[in-house]
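Student: One structure, as structure tokens, below. Some questions next.
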Amino acid sequence: MTVIKINALTVPAEMGPEVARRFAARVGAVDGQDGFEGFELLQPADARTTWLVVTRWRDEAAFEAWKASPAFAHGHRAEGGGGPAPMPIQAELWSYTVAVASPGA
């Protein structure tokens with residue numbers, strides 16, 4: 001059963017362009033992971049400061065395997081570990097399954 005993981009990021013307004021840039025630089029990095037079905041970065045279209053990182057996975061086991069993978073560690077490394085400097089954002093992970101979908105979804 002498909003699971004949806006939503007990482008809700010509270011992003012200071014001035015950091016929005018940097019968030020978008022960093023995610024754009026990594027588009028496709030997860031595509032080859034077993035069980036990965038899709039990704040979207042949703043930017044608020046109003047005055048909110050919560051961005052949503054939406055990923056779809058074949059099942060919970062596929063998501064957990066990705067979290068335990070070197071690819072996850074590489075994509076989430078911070079400065080000093082070869083990655084960009086951390087940003088002052090808060091994150092909360094939400095988990096969902098599809099209860100009802102349109103026939104074309």
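Note on naming: chains are A, B, ... as they come in the structure tokens, residues start from 1 per chain, ligands start from 1 in the order shown.
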Determine, counting only C-alpha atoms, which protein, DNA and RNA residues have an atom within 12 Å of an atom of Lys67 in chain A; residues of the same chain fewer than 3 positions away are not included. Present the result as a compact mmCIF listing (two decimals) with N, CA and C atoms, in the first residue's frame.

Tutor:
```txt
# COMPACT_ATOMS: atom_id res chain seq x y z
N LYS A 5 4.74 10.45 2.75
CA LYS A 5 5.48 11.10 3.83
C LYS A 5 5.57 12.58 3.49
N VAL A 30 16.64 10.66 -5.41
CA VAL A 30 15.98 9.52 -4.75
C VAL A 30 15.31 8.60 -5.77
N GLN A 33 15.77 4.80 -5.79
CA GLN A 33 15.58 4.05 -4.54
C GLN A 33 14.40 3.09 -4.69
N ASP A 34 14.61 1.84 -4.32
CA ASP A 34 13.55 0.83 -4.41
C ASP A 34 12.31 1.29 -3.64
N PHE A 36 10.43 3.93 -4.24
CA PHE A 36 10.14 5.35 -4.37
C PHE A 36 9.18 5.58 -5.53
N TRP A 57 5.80 6.45 -1.38
CA TRP A 57 6.58 5.22 -1.31
C TRP A 57 5.65 4.02 -1.46
N GLU A 60 5.78 1.28 3.83
CA GLU A 60 6.58 1.81 4.94
C GLU A 60 7.99 1.24 4.93
N ALA A 61 8.12 -0.04 4.59
CA ALA A 61 9.44 -0.68 4.57
C ALA A 61 10.37 0.00 3.56
N ALA A 62 9.84 0.40 2.40
CA ALA A 62 10.66 1.08 1.39
C ALA A 62 11.14 2.43 1.92
N PHE A 63 10.26 3.16 2.58
CA PHE A 63 10.65 4.45 3.16
C PHE A 63 11.73 4.26 4.23
N GLU A 64 11.54 3.28 5.11
CA GLU A 64 12.52 3.03 6.18
C GLU A 64 13.86 2.58 5.60
N PRO A 70 22.82 4.89 2.55
CA PRO A 70 23.87 5.90 2.38
C PRO A 70 23.35 7.10 1.58
N ALA A 71 22.41 6.88 0.67
CA ALA A 71 21.87 7.99 -0.14
C ALA A 71 21.15 9.00 0.76
N PHE A 72 20.43 8.53 1.75
CA PHE A 72 19.75 9.43 2.69
C PHE A 72 20.78 10.21 3.47
N ALA A 73 21.79 9.52 4.01
CA ALA A 73 22.83 10.20 4.78
C ALA A 73 23.54 11.24 3.93
N HIS A 74 23.83 10.90 2.68
CA HIS A 74 24.51 11.83 1.78
C HIS A 74 23.65 13.08 1.53
N GLY A 75 22.37 12.89 1.30
CA GLY A 75 21.48 14.01 1.01
C GLY A 75 21.17 14.89 2.19
N HIS A 76 21.41 14.37 3.40
CA HIS A 76 21.08 15.13 4.61
C HIS A 76 22.31 15.53 5.41
```

Student: Figure out the distance between CA of Gln43 in chain A and CA of Pro17 in chain A, please, to one decimal in Å.

Tutor: 9.9 Å

Student: Need to verify the contact set: range 86-98 of chain A, 10 Å, only C-alpha atoms, exclusion of same-chain residues closer than 6 positions in sequence. Can you return it as a ChimeraX atom specification?

Tutor: /A:1-12,15,18-19,50-57,59-60,76-79

Student: Identify, with DSSP run on backbone atoms, the residues in chain A assigned to alpha helix (DSSP H), and express the list as a ChimeraX atom specification.

Tutor: /A:16-25,60-67,70-75

Student: Just give me the gap between CA of Pro44 in chain A and CA of Arg21 in chain A in Å, one decimal is fine.

Tutor: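 Spanning CA of Pro44 in chain A to CA of Arg21 in chain A is a straight-line distance of 15.3 Å.
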